[in-house]
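Peer 1: Quick one, upload-v4.pdb (PDB, C-alpha atoms, pLDDT in the B column):
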MODEL        1
ATOM      1  CA  MET A   1     -28.666 -20.235   1.649  1.00 48.00           C
ATOM      2  CA  ASP A   2     -28.029 -23.087   4.095  1.00 58.00           C
ATOM      3  CA  THR A   3     -25.402 -24.914   2.055  1.00 72.00           C
ATOM      4  CA  PRO A   4     -22.733 -22.908   0.239  1.00 74.00           C
ATOM      5  CA  PRO A   5     -22.032 -23.725  -3.409  1.00 82.00           C
ATOM      6  CA  VAL A   6     -18.988 -25.715  -4.415  1.00 88.00           C
ATOM      7  CA  ALA A   7     -15.825 -23.680  -3.953  1.00 92.00           C
ATOM      8  CA  PRO A   8     -14.249 -22.525  -7.220  1.00 94.00           C
ATOM      9  CA  ASP A   9     -11.071 -24.059  -8.578  1.00 96.00           C
ATOM     10  CA  VAL A  10      -8.426 -21.518  -7.579  1.00 96.00           C
ATOM     11  CA  GLN A  11      -6.054 -22.404 -10.396  1.00 96.00           C
ATOM     12  CA  GLN A  12      -8.796 -22.026 -12.988  1.00 96.00           C
ATOM     13  CA  VAL A  13      -9.747 -18.632 -11.561  1.00 97.00           C
ATOM     14  CA  LEU A  14      -6.137 -17.439 -11.657  1.00 96.00           C
ATOM     15  CA  LYS A  15      -5.731 -18.707 -15.218  1.00 96.00           C
ATOM     16  CA  HIS A  16      -8.952 -16.978 -16.302  1.00 95.00           C
ATOM     17  CA  ASN A  17      -7.955 -13.610 -14.856  1.00 94.00           C
ATOM     18  CA  ARG A  18      -4.409 -13.851 -16.149  1.00 92.00           C
ATOM     19  CA  GLY A  19      -5.788 -14.487 -19.620  1.00 93.00           C
ATOM     20  CA  LEU A  20      -8.065 -11.444 -19.371  1.00 90.00           C
ATOM     21  CA  LEU A  21      -5.131  -9.260 -18.373  1.00 87.00           C
ATOM     22  CA  TYR A  22      -2.949 -10.502 -21.217  1.00 87.00           C
ATOM     23  CA  ARG A  23      -5.717  -9.988 -23.768  1.00 89.00           C
ATOM     24  CA  GLN A  24      -6.308  -6.439 -22.622  1.00 83.00           C
ATOM     25  CA  LEU A  25      -2.618  -5.572 -22.747  1.00 83.00           C
ATOM     26  CA  GLY A  26      -2.252  -7.234 -26.138  1.00 87.00           C
ATOM     27  CA  MET A  27      -5.162  -5.240 -27.536  1.00 88.00           C
ATOM     28  CA  ARG A  28      -3.702  -1.975 -26.246  1.00 84.00           C
ATOM     29  CA  LEU A  29      -0.288  -2.745 -27.718  1.00 87.00           C
ATOM     30  CA  ALA A  30      -1.854  -3.655 -31.072  1.00 91.00           C
ATOM     31  CA  ILE A  31      -3.780  -0.372 -31.214  1.00 90.00           C
ATOM     32  CA  ALA A  32      -0.663   1.633 -30.291  1.00 89.00           C
ATOM     33  CA  ALA A  33       1.352  -0.130 -32.993  1.00 90.00           C
ATOM     34  CA  ALA A  34      -1.383   0.549 -35.554  1.00 92.00           C
ATOM     35  CA  LEU A  35      -1.375   4.257 -34.691  1.00 90.00           C
ATOM     36  CA  VAL A  36       2.393   4.486 -35.114  1.00 89.00           C
ATOM     37  CA  ALA A  37       2.146   2.600 -38.419  1.00 90.00           C
ATOM     38  CA  LEU A  38      -0.537   5.029 -39.598  1.00 89.00           C
ATOM     39  CA  THR A  39       1.764   8.008 -39.015  1.00 87.00           C
ATOM     40  CA  TYR A  40       4.542   6.222 -40.897  1.00 83.00           C
ATOM     41  CA  LEU A  41       2.264   5.472 -43.846  1.00 88.00           C
ATOM     42  CA  LEU A  42       1.127   9.087 -43.992  1.00 83.00           C
ATOM     43  CA  ASP A  43       4.749  10.195 -44.012  1.00 82.00           C
ATOM     44  CA  VAL A  44       5.904   7.840 -46.799  1.00 84.00           C
ATOM     45  CA  SER A  45       2.791   8.756 -48.796  1.00 87.00           C
ATOM     46  CA  GLY A  46       3.962  12.343 -48.932  1.00 82.00           C
ATOM     47  CA  VAL A  47       1.292  13.833 -46.696  1.00 83.00           C
ATOM     48  CA  PRO A  48       2.662  17.140 -45.320  1.00 85.00           C
ATOM     49  CA  ALA A  49       3.659  16.949 -41.698  1.00 79.00           C
ATOM     50  CA  SER A  50       1.209  18.637 -39.350  1.00 84.00           C
ATOM     51  CA  PHE A  51      -0.300  18.289 -35.922  1.00 78.00           C
ATOM     52  CA  LEU A  52      -3.012  16.007 -37.297  1.00 80.00           C
ATOM     53  CA  THR A  53      -0.539  13.654 -38.974  1.00 82.00           C
ATOM     54  CA  GLY A  54       1.468  13.434 -35.747  1.00 84.00           C
ATOM     55  CA  LEU A  55      -1.599  12.997 -33.563  1.00 88.00           C
ATOM     56  CA  PRO A  56      -1.684   9.177 -33.890  1.00 88.00           C
ATOM     57  CA  VAL A  57       1.829   8.959 -32.397  1.00 88.00           C
ATOM     58  CA  ILE A  58       0.832  11.231 -29.503  1.00 89.00           C
ATOM     59  CA  VAL A  59      -2.192   9.037 -28.829  1.00 90.00           C
ATOM     60  CA  ALA A  60      -0.008   5.903 -29.056  1.00 87.00           C
ATOM     61  CA  VAL A  61       2.508   7.303 -26.547  1.00 88.00           C
ATOM     62  CA  LEU A  62      -0.272   8.189 -24.109  1.00 86.00           C
ATOM     63  CA  MET A  63      -1.798   4.753 -24.556  1.00 83.00           C
ATOM     64  CA  MET A  64       1.555   3.104 -23.839  1.00 82.00           C
ATOM     65  CA  PHE A  65       2.021   5.286 -20.765  1.00 81.00           C
ATOM     66  CA  PHE A  66      -1.319   4.283 -19.298  1.00 77.00           C
ATOM     67  CA  THR A  67      -0.693   0.673 -20.337  1.00 75.00           C
ATOM     68  CA  LEU A  68       2.429   0.670 -18.167  1.00 76.00           C
ATOM     69  CA  ILE A  69       0.284   1.848 -15.281  1.00 72.00           C
ATOM     70  CA  ARG A  70      -2.112  -1.022 -15.972  1.00 65.00           C
ATOM     71  CA  VAL A  71       0.788  -3.483 -16.072  1.00 68.00           C
ATOM     72  CA  GLY A  72       1.837  -2.238 -12.645  1.00 67.00           C
ATOM     73  CA  ALA A  73      -1.695  -2.701 -11.377  1.00 59.00           C
ATOM     74  CA  GLY A  74      -1.719  -6.163 -12.899  1.00 58.00           C
ATOM     75  CA  ARG A  75       0.945  -7.193 -10.387  1.00 75.00           C
ATOM     76  CA  ARG A  76      -1.888  -7.625  -7.908  1.00 84.00           C
ATOM     77  CA  LEU A  77      -2.532 -10.957  -9.629  1.00 90.00           C
ATOM     78  CA  LYS A  78       0.633 -12.244  -7.978  1.00 91.00           C
ATOM     79  CA  VAL A  79      -0.564 -10.976  -4.606  1.00 93.00           C
ATOM     80  CA  CYS A  80      -3.919 -12.694  -5.136  1.00 95.00           C
ATOM     81  CA  GLU A  81      -2.093 -15.925  -5.846  1.00 96.00           C
ATOM     82  CA  ARG A  82      -0.128 -15.581  -2.597  1.00 97.00           C
ATOM     83  CA  VAL A  83      -3.292 -14.828  -0.632  1.00 97.00           C
ATOM     84  CA  LEU A  84      -5.060 -17.858  -2.071  1.00 97.00           C
ATOM     85  CA  SER A  85      -2.138 -20.091  -1.140  1.00 97.00           C
ATOM     86  CA  ALA A  86      -2.068 -18.758   2.436  1.00 97.00           C
ATOM     87  CA  TYR A  87      -5.775 -18.607   3.313  1.00 98.00           C
ATOM     88  CA  PRO A  88      -8.715 -20.961   2.768  1.00 96.00           C
ATOM     89  CA  LEU A  89     -11.792 -19.845   0.850  1.00 97.00           C
ATOM     90  CA  GLU A  90     -14.816 -18.890   2.967  1.00 95.00           C
ATOM     91  CA  TYR A  91     -18.258 -18.278   1.523  1.00 95.00           C
ATOM     92  CA  ARG A  92     -19.911 -14.887   1.984  1.00 95.00           C
ATOM     93  CA  THR A  93     -23.638 -14.994   1.344  1.00 93.00           C
ATOM     94  CA  ARG A  94     -24.062 -11.234   1.071  1.00 92.00           C
ATOM     95  CA  VAL A  95     -22.006  -8.794  -1.003  1.00 94.00           C
ATOM     96  CA  VAL A  96     -23.010  -5.140  -0.995  1.00 94.00           C
ATOM     97  CA  ARG A  97     -21.365  -2.509  -3.165  1.00 95.00           C
ATOM     98  CA  LYS A  98     -21.523   0.915  -1.566  1.00 92.00           C
ATOM     99  CA  GLU A  99     -19.870   2.969  -4.305  1.00 93.00           C
ATOM    100  CA  SER A 100     -17.376   2.868  -7.182  1.00 93.00           C
ATOM    101  CA  GLN A 101     -14.617   5.302  -8.076  1.00 89.00           C
ATOM    102  CA  TRP A 102     -12.771   5.674 -11.396  1.00 86.00           C
ATOM    103  CA  LEU A 103      -9.010   5.875 -10.822  1.00 83.00           C
ATOM    104  CA  LEU A 104      -5.958   5.361 -13.011  1.00 76.00           C
ATOM    105  CA  LEU A 105      -5.132   2.121 -11.227  1.00 74.00           C
ATOM    106  CA  GLY A 106      -8.622   0.821 -11.999  1.00 79.00           C
ATOM    107  CA  ASP A 107     -12.197   1.057 -10.799  1.00 88.00           C
ATOM    108  CA  VAL A 108     -12.167   0.968  -7.004  1.00 91.00           C
ATOM    109  CA  HIS A 109     -15.329  -0.456  -5.463  1.00 94.00           C
ATOM    110  CA  THR A 110     -16.213  -0.055  -1.788  1.00 95.00           C
ATOM    111  CA  VAL A 111     -17.809  -3.326  -0.747  1.00 96.00           C
ATOM    112  CA  LYS A 112     -19.014  -5.152   2.314  1.00 95.00           C
ATOM    113  CA  LEU A 113     -18.844  -8.954   2.491  1.00 95.00           C
ATOM    114  CA  SER A 114     -20.838 -10.626   5.213  1.00 92.00           C
ATOM    115  CA  VAL A 115     -22.781 -13.708   6.174  1.00 85.00           C
ATOM    116  CA  ARG A 116     -26.523 -13.234   6.567  1.00 77.00           C
ATOM    117  CA  GLY A 117     -27.405 -12.860  10.211  1.00 70.00           C
ATOM    118  CA  GLN A 118     -23.905 -11.680  11.181  1.00 75.00           C
ATOM    119  CA  HIS A 119     -22.810  -8.081  11.634  1.00 77.00           C
ATOM    120  CA  GLY A 120     -19.568  -6.142  11.863  1.00 80.00           C
ATOM    121  CA  ALA A 121     -18.050  -6.856   8.447  1.00 89.00           C
ATOM    122  CA  PRO A 122     -15.700  -3.991   7.471  1.00 92.00           C
ATOM    123  CA  HIS A 123     -15.892  -1.987   4.277  1.00 95.00           C
ATOM    124  CA  MET A 124     -13.206  -3.021   1.808  1.00 95.00           C
ATOM    125  CA  ARG A 125     -11.615  -1.426  -1.247  1.00 94.00           C
ATOM    126  CA  ALA A 126     -11.957  -3.878  -4.145  1.00 94.00           C
ATOM    127  CA  LEU A 127     -10.141  -3.819  -7.473  1.00 91.00           C
ATOM    128  CA  ASN A 128     -10.509  -6.314 -10.277  1.00 91.00           C
ATOM    129  CA  ALA A 129      -7.338  -8.411 -10.426  1.00 90.00           C
ATOM    130  CA  SER A 130      -7.464  -8.557 -14.229  1.00 87.00           C
ATOM    131  CA  THR A 131      -7.642  -4.691 -14.295  1.00 82.00           C
ATOM    132  CA  ARG A 132     -11.031  -4.833 -16.053  1.00 85.00           C
ATOM    133  CA  ARG A 133     -13.125  -1.740 -15.386  1.00 85.00           C
ATOM    134  CA  ARG A 134     -16.421  -3.221 -14.372  1.00 87.00           C
ATOM    135  CA  TRP A 135     -18.236  -4.450 -11.313  1.00 92.00           C
ATOM    136  CA  PRO A 136     -19.252  -8.140 -11.292  1.00 92.00           C
ATOM    137  CA  LYS A 137     -22.961  -7.752 -10.638  1.00 91.00           C
ATOM    138  CA  ALA A 138     -23.267 -11.500 -10.088  1.00 91.00           C
ATOM    139  CA  ALA A 139     -21.589 -11.062  -6.698  1.00 91.00           C
ATOM    140  CA  GLU A 140     -24.640  -9.200  -5.403  1.00 90.00           C
ATOM    141  CA  ASP A 141     -26.985 -11.856  -6.747  1.00 87.00           C
ATOM    142  CA  GLY A 142     -25.325 -15.040  -5.545  1.00 85.00           C
ATOM    143  CA  GLY A 143     -22.630 -14.206  -3.017  1.00 90.00           C
ATOM    144  CA  ALA A 144     -18.881 -14.684  -3.312  1.00 95.00           C
ATOM    145  CA  TRP A 145     -15.911 -16.502  -1.810  1.00 97.00           C
ATOM    146  CA  PHE A 146     -13.365 -14.690   0.365  1.00 97.00           C
ATOM    147  CA  ALA A 147      -9.825 -15.634   1.317  1.00 98.00           C
ATOM    148  CA  GLY A 148      -7.773 -13.464   3.621  1.00 97.00           C
ATOM    149  CA  ASP A 149      -7.869 -11.457   6.819  1.00 97.00           C
ATOM    150  CA  PRO A 150     -10.258  -8.461   6.966  1.00 95.00           C
ATOM    151  CA  ALA A 151      -7.716  -6.324   8.860  1.00 96.00           C
ATOM    152  CA  PHE A 152      -4.986  -6.930   6.247  1.00 97.00           C
ATOM    153  CA  GLY A 153      -6.801  -7.699   3.007  1.00 96.00           C
ATOM    154  CA  GLY A 154      -7.714 -10.603   0.819  1.00 97.00           C
ATOM    155  CA  VAL A 155      -9.326 -11.878  -2.349  1.00 97.00           C
ATOM    156  CA  MET A 156     -12.937 -12.087  -3.449  1.00 97.00           C
ATOM    157  CA  ILE A 157     -13.973 -14.597  -6.107  1.00 97.00           C
ATOM    158  CA  VAL A 158     -17.337 -14.575  -7.856  1.00 95.00           C
ATOM    159  CA  PRO A 159     -17.908 -18.263  -8.658  1.00 92.00           C
ATOM    160  CA  SER A 160     -20.343 -17.833 -11.552  1.00 91.00           C
ATOM    161  CA  THR A 161     -18.094 -15.496 -13.553  1.00 93.00           C
ATOM    162  CA  LYS A 162     -14.612 -16.265 -12.130  1.00 95.00           C
ATOM    163  CA  ASP A 163     -14.118 -12.567 -11.455  1.00 95.00           C
ATOM    164  CA  MET A 164     -11.364 -12.072  -8.879  1.00 96.00           C
ATOM    165  CA  LEU A 165     -10.961  -8.866  -6.893  1.00 96.00           C
ATOM    166  CA  PHE A 166      -8.148  -7.836  -4.587  1.00 95.00           C
ATOM    167  CA  LEU A 167      -9.381  -6.331  -1.300  1.00 95.00           C
ATOM    168  CA  GLN A 168      -7.907  -4.257   1.491  1.00 95.00           C
ATOM    169  CA  PRO A 169      -9.692  -2.354   4.286  1.00 95.00           C
ATOM    170  CA  ALA A 170     -11.258   0.918   3.162  1.00 93.00           C
ATOM    171  CA  GLY A 171     -10.273   2.362   6.534  1.00 89.00           C
ATOM    172  CA  TRP A 172      -6.690   1.087   6.493  1.00 94.00           C
ATOM    173  CA  ASP A 173      -5.507   3.201   9.441  1.00 94.00           C
ATOM    174  CA  LYS A 174      -8.565   2.213  11.453  1.00 94.00           C
ATOM    175  CA  PHE A 175      -7.211  -1.345  11.695  1.00 95.00           C
ATOM    176  CA  ALA A 176      -3.607  -0.346  12.452  1.00 96.00           C
ATOM    177  CA  ALA A 177      -3.825  -1.328  16.119  1.00 96.00           C
ATOM    178  CA  GLU A 178      -5.390  -4.695  15.262  1.00 96.00           C
ATOM    179  CA  ARG A 179      -2.611  -5.441  12.782  1.00 96.00           C
ATOM    180  CA  GLU A 180       0.104  -4.359  15.222  1.00 96.00           C
ATOM    181  CA  ASN A 181      -1.358  -6.509  17.994  1.00 96.00           C
ATOM    182  CA  ALA A 182      -1.978  -9.548  15.807  1.00 96.00           C
ATOM    183  CA  ASP A 183      -0.656 -12.784  17.272  1.00 97.00           C
ATOM    184  CA  PRO A 184       2.484 -14.253  15.651  1.00 97.00           C
ATOM    185  CA  ALA A 185       0.604 -16.911  13.662  1.00 97.00           C
ATOM    186  CA  ARG A 186      -1.860 -14.403  12.236  1.00 97.00           C
ATOM    187  CA  LEU A 187       0.906 -11.955  11.339  1.00 97.00           C
ATOM    188  CA  ALA A 188       3.034 -14.702   9.774  1.00 97.00           C
ATOM    189  CA  ARG A 189       0.141 -15.737   7.537  1.00 97.00           C
ATOM    190  CA  ALA A 190      -0.429 -12.127   6.424  1.00 97.00           C
ATOM    191  CA  GLN A 191       3.286 -11.799   5.674  1.00 97.00           C
ATOM    192  CA  GLN A 192       3.171 -15.016   3.671  1.00 97.00           C
ATOM    193  CA  ALA A 193       0.285 -13.550   1.677  1.00 97.00           C
ATOM    194  CA  GLY A 194       2.108 -10.238   1.173  1.00 95.00           C
ATOM    195  CA  ILE A 195      -0.675  -8.075   2.610  1.00 96.00           C
ATOM    196  CA  THR A 196       0.901  -6.499   5.686  1.00 95.00           C
ATOM    197  CA  LYS A 197       1.209  -3.148   3.872  1.00 93.00           C
ATOM    198  CA  LYS A 198      -1.282  -1.013   1.988  1.00 91.00           C
ATOM    199  CA  LEU A 199      -0.687  -2.023  -1.610  1.00 85.00           C
ATOM    200  CA  GLU A 200      -3.157  -0.015  -3.680  1.00 74.00           C
ATOM    201  CA  ARG A 201      -2.153   3.591  -4.276  1.00 69.00           C
ATOM    202  CA  GLU A 202      -3.228   5.882  -7.087  1.00 62.00           C
ATOM    203  CA  PRO A 203      -0.113   6.625  -9.200  1.00 52.00           C
ATOM    204  CA  ARG A 204       0.995  10.237  -9.478  1.00 54.00           C
ATOM    205  CA  VAL A 205       1.260  11.239 -13.119  1.00 47.00           C
ATOM    206  CA  LEU A 206       1.407  14.999 -12.579  1.00 43.00           C
ATOM    207  CA  PRO A 207       3.446  17.009 -10.068  1.00 44.00           C
ATOM    208  CA  THR A 208       1.437  18.339  -7.156  1.00 40.00           C
ATOM    209  CA  GLY A 209       1.869  21.742  -5.638  1.00 38.00           C
TER     210      GLY A 209
ENDMDL
END
Mind converting the file's structure to structure tokens?
Peer 2:
Amino acid sequence: MDTPPVAPDVQQVLKHNRGLLYRQLGMRLAIAAALVALTYLLDVSGVPASFLTGLPVIVAVLMMFFTLIRVGAGRRLKVCERVLSAYPLEYRTRVVRKESQWLLLGDVHTVKLSVRGQHGAPHMRALNASTRRRWPKAAEDGGAWFAGDPAFGGVMIVPSTKDMLFLQPAGWDKFAAERENADPARLARAQQAGITKKLEREPRVLPTG
């Protein structure tokens, strides 16, 4: 592709992903409330208390617990907004997904963004900013826009679907020396974007030995 497509409207992309996040959280809260209401209705109807009658509340509590985790993950939307205000969008003609991993914080995709004919693009960990658990296949078909610094992280936007993914190097420690030796202007921009530290960590929900 000799001429890149028109760059997406950043504000529209942020609005779209924020709306997706709110709808998902609203749906989860509605289901949890319905489960609690079901237990209450069973109780006032005189149904004898048992494990089965209390099961909806247990499910609702678990759903709320994992919803809180999702809310925490949803904070990456704010980081994406900072990145997009600090860095310009650059078109990447080739997006390759190497693998995907299901984690509590979301589906983590290992991707490589490059320009055809150029080599050396690092592998990045990508998570959907709206916390949706799916890979935007359109990125592999028509390329994507990138804003950020490969050694620190950034944002990938799929123009056709408005999917927005937060990225940081898959080999975070591998780029430690490059980050430490970054010139003041480069470091200041990364600090402005809030990507000088590794931000994505799988939450611990169970004690480890």
Peer 1: Check what the PyMOL selection byres ((chain A and resi 80-96) around 8) selects in the file above and give those residues as a ChimeraX atom specification.
Peer 2: /A:1,4,7,10,14,76-79,97-98,111-116,129,139-140,142-148,154-155,166,189-190,192-195
Peer 1: Interatomic distance between atom CA of Pro169 of chain A and atom CA of Pro122 of chain A?
Peer 2: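 Result for atom CA of Pro169 of chain A versus atom CA of Pro122 of chain A: 7.0 Å, one decimal.
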Peer 1: What does the PyMOL selection byres ((chain A and resi 109) around 7) select in this file, as a PDB file with C-alpha atoms, in the coordinates of the input?
Peer 2:
ATOM      1  CA  ARG A  97     -21.365  -2.509  -3.165  1.00 95.00           C
ATOM      2  CA  GLU A  99     -19.870   2.969  -4.305  1.00 93.00           C
ATOM      3  CA  SER A 100     -17.376   2.868  -7.182  1.00 93.00           C
ATOM      4  CA  GLN A 101     -14.617   5.302  -8.076  1.00 89.00           C
ATOM      5  CA  ASP A 107     -12.197   1.057 -10.799  1.00 88.00           C
ATOM      6  CA  VAL A 108     -12.167   0.968  -7.004  1.00 91.00           C
ATOM      7  CA  THR A 110     -16.213  -0.055  -1.788  1.00 95.00           C
ATOM      8  CA  VAL A 111     -17.809  -3.326  -0.747  1.00 96.00           C
ATOM      9  CA  ARG A 125     -11.615  -1.426  -1.247  1.00 94.00           C
ATOM     10  CA  ALA A 126     -11.957  -3.878  -4.145  1.00 94.00           C
ATOM     11  CA  LEU A 127     -10.141  -3.819  -7.473  1.00 91.00           C
TER      12      LEU A 127
END
Peer 1: Report, in Å to a single decimal, how far apart atom CA of Leu21 of chain A and atom CA of Leu62 of chain A are.
Peer 2: 19.0 Å
Peer 1: Find the distance between atom CA of Leu35 of chain A and atom CA of Asn128 of chain A and write it in Å to one decimal.
Peer 2: 28.1 Å
Peer 1: At a cut-off of 12 Å, using only C-alpha atoms, what residues contact Asp173 of chain A? Leave out same-chain residues fewer than 5 positions from it and give the result as an MDAnalysis selection string.
Peer 2: chainID A and resid 151:152 168 178:180 197:198
Peer 1: Counting all atoms listed in the file, which residue out of A:Arg28, A:Arg75, A:Lys174, A:Lys162 sits closest to Val61 of chain A?
Peer 2: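 Nearest to Val61 of chain A: A:Arg28.
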Peer 1: With all atoms listed in the file as the atoms that count, which of A:Thr53, A:Phe66, A:Gln191, A:Val36 lies nearest to Leu105 of chain A?
Peer 2: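 Looking at the shortest contact to Leu105 of chain A, the residue is A:Phe66.
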Peer 1: Where does the PyMOL selection byres ((chain A and resi 13) around 10) land in this file, that is, which residues does it pick, as a PDB file with C-alpha atoms, keeping the file's coordinate frame?
Peer 2:
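Output file part-v8.pdb follows:
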ATOM      1  CA  PRO A   8     -14.249 -22.525  -7.220  1.00 94.00           C
ATOM      2  CA  ASP A   9     -11.071 -24.059  -8.578  1.00 96.00           C
ATOM      3  CA  VAL A  10      -8.426 -21.518  -7.579  1.00 96.00           C
ATOM      4  CA  GLN A  11      -6.054 -22.404 -10.396  1.00 96.00           C
ATOM      5  CA  GLN A  12      -8.796 -22.026 -12.988  1.00 96.00           C
ATOM      6  CA  LEU A  14      -6.137 -17.439 -11.657  1.00 96.00           C
ATOM      7  CA  LYS A  15      -5.731 -18.707 -15.218  1.00 96.00           C
ATOM      8  CA  HIS A  16      -8.952 -16.978 -16.302  1.00 95.00           C
ATOM      9  CA  ASN A  17      -7.955 -13.610 -14.856  1.00 94.00           C
ATOM     10  CA  ARG A  18      -4.409 -13.851 -16.149  1.00 92.00           C
ATOM     11  CA  GLY A  19      -5.788 -14.487 -19.620  1.00 93.00           C
ATOM     12  CA  GLU A  81      -2.093 -15.925  -5.846  1.00 96.00           C
ATOM     13  CA  ILE A 157     -13.973 -14.597  -6.107  1.00 97.00           C
ATOM     14  CA  VAL A 158     -17.337 -14.575  -7.856  1.00 95.00           C
ATOM     15  CA  PRO A 159     -17.908 -18.263  -8.658  1.00 92.00           C
ATOM     16  CA  THR A 161     -18.094 -15.496 -13.553  1.00 93.00           C
ATOM     17  CA  LYS A 162     -14.612 -16.265 -12.130  1.00 95.00           C
ATOM     18  CA  ASP A 163     -14.118 -12.567 -11.455  1.00 95.00           C
ATOM     19  CA  MET A 164     -11.364 -12.072  -8.879  1.00 96.00           C
TER      20      MET A 164
END
Peer 1: With distances taken over all atoms listed in the file, which of A:Gln118, A:Thr131, A:Ser160, A:Thr3 is nearest to Leu103 of chain A?
Peer 2: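 Closest candidate: A:Thr131.
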Peer 1: Measuring between all atoms listed in the file, which one of A:Thr39, A:Ala177, A:Pro48, A:Leu25 shows the shortest distance to Ile69 of chain A?
Peer 2: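 Between A:Thr39, A:Ala177, A:Pro48, A:Leu25, the residue approaching Ile69 of chain A most closely is A:Leu25.
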Peer 1: Which residue, A:Leu165, A:Val59, A:Pro136, A:Ala121, has the smallest gap to Pro150 of chain A when you use only C-alpha atoms?
Peer 2: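 Distance minimum relative to Pro150 of chain A lands on A:Ala121.
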Peer 1: How big is the axis-aligned box around the listed atoms of segment 5-22 of chain A once 5 Å is added on each side, and where is its centre? Give both in Å to one decimal, as lines of an AutoDock Vina configuration file.
Peer 2:
center_x = -12.5
center_y = -17.5
center_z = -12.3
size_x = 29.1
size_y = 26.5
size_z = 27.8
Peer 1: Compare A:Ala182, A:Ile31, A:Leu104, A:Leu20 by their minimum atom-to-atom distance to Met63 of chain A, counting all atoms listed in the file, and give me the closest one.
Peer 2: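 Using all atoms listed in the file, the shortest distance to Met63 of chain A belongs to A:Ile31.
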